[in-house]
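Colleague: One structure, pasted below without further comment.
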Amino acid sequence: MINAVLVFNNAGQPRLTKFYTQLETSVQQRLISEIFTLVANRPNSACNFLPLPPLLASSSKSSTPTTPHNDMPSLVTYRHYATLYFIVISTSTESPLALLDFIQVFVQALDGLFENVCELDLIFNFETLHATLGEMIVGGVVIETQLEKVVEGVKAQGKVAKRPVNEGKGGLSLAGFGRGDGVWAGR
């Protein structure tokens with residue numbers, strides 16, 4: 001089971017935090033900070049799998065005594081793309097290689113939806129980011145990893161925003177942003 005999906009930029013600012021298990025807000029905030037520190041300090045040649053930091057491991061043990069041991073969060077899997085870290089916290093029952101594949105499909109889906117996705121796309125179109133994740137994961141269980149079906153599902157929801165018509169090729173132009181003139185109309 002997937003317990004959380006996190007996306008950070010290189011400065012450690014969260015761009016997506018989606019928890020599929022109940023945690024107190026203070027524990028979530030400390031976990032986000034601790035996970036980013038662990039992942040960002042690793043060399044590029046290091047493995048993309050880490051054991052779960054003690055912060056979450058100790059808080060998950062106190063949840064219920066009837067919870068089987070293999071359902072506790074125990075693994076951090078991540079990938080670093082350009083300026084973003086994509087991180088998945090999961091139980092030992094999930095395959096780390098399957099989680100790497102999940103991250104790859106998630107990034108490709110975002111890239112297909114935004115036509116060369118960048119960090120600003122994730123900031124200004126967080127609905128699309130969450131809709132894409134919702135097409136792939138329900139209740140902590142991966143339900144879809146076929147790229148075409150994920151993209152079609154998000155487009156069918158009408159959650160994909162177009163970039164402004166007067167956008168330059170160098171980056172995102174905010175001309176007309178927030179004026180209510182339909183600049184961010186769905187596809």
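So you can find residues: chains in the structure tokens are A, B, ... in the order shown, residues in each start at 1, and ligands are numbered from 1 in order.
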Do a neighbour search on Thr37 (chain A) at 12 Å with only C-alpha atoms, toss out local chain neighbours closer than 5 positions, and write the hits as JSON, numbers by chain.
Modeller: {"A": [8, 9, 10, 11, 12, 13, 30, 31, 32, 42, 53, 85]}
Colleague: Check the DSSP output for the backbone and give back, as an MDAnalysis selection string, the residues of region 85-116 of chain A in alpha helix (DSSP H).
Modeller: chainID A and resid 96:114
Colleague: Would you please work out which residue, of A:Thr83, A:Thr93, A:Asn125, A:Gln157, is nearest to Ala40 (chain A) when using only C-alpha atoms?
Modeller: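 Using only C-alpha atoms, the shortest distance to Ala40 (chain A) belongs to A:Thr83.
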Colleague: Point out the residue among A:Thr25, A:Ala46, A:Ile2, A:Gly153 with the least atom-to-atom distance to Ala109 (chain A), counting only C-alpha atoms.
Modeller: A:Gly153
Colleague: Residues within 6 Å of Tyr78 (chain A), please, as a list in words. Count only C-alpha atoms; anything in the same chain fewer than 3 positions from it doesn't count.
Modeller: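 Contacts, in chain order: Asn48, Phe86 and Ile87 of chain A.
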Colleague: Would you mind reading off the distance between CA of Glu24 (chain A) and CA of Val5 (chain A), one decimal, in Å?
Modeller: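 Result for CA of Glu24 (chain A) versus CA of Val5 (chain A): 16.2 Å, one decimal.
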Colleague: Please measure the separation of CA of Ile89 (chain A) and CA of Ala4 (chain A), giving the value in Å to one decimal.
Modeller: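 Interatomic distance, CA of Ile89 (chain A) to CA of Ala4 (chain A): 5.1 Å.
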Colleague: Which is closer to Ser95 (chain A) than all the others in A:Gln146, A:Leu75, A:Phe36, A:Thr128, using only C-alpha atoms?
Modeller: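 Residue with the minimum atom-to-atom distance to Ser95 (chain A): A:Leu75.
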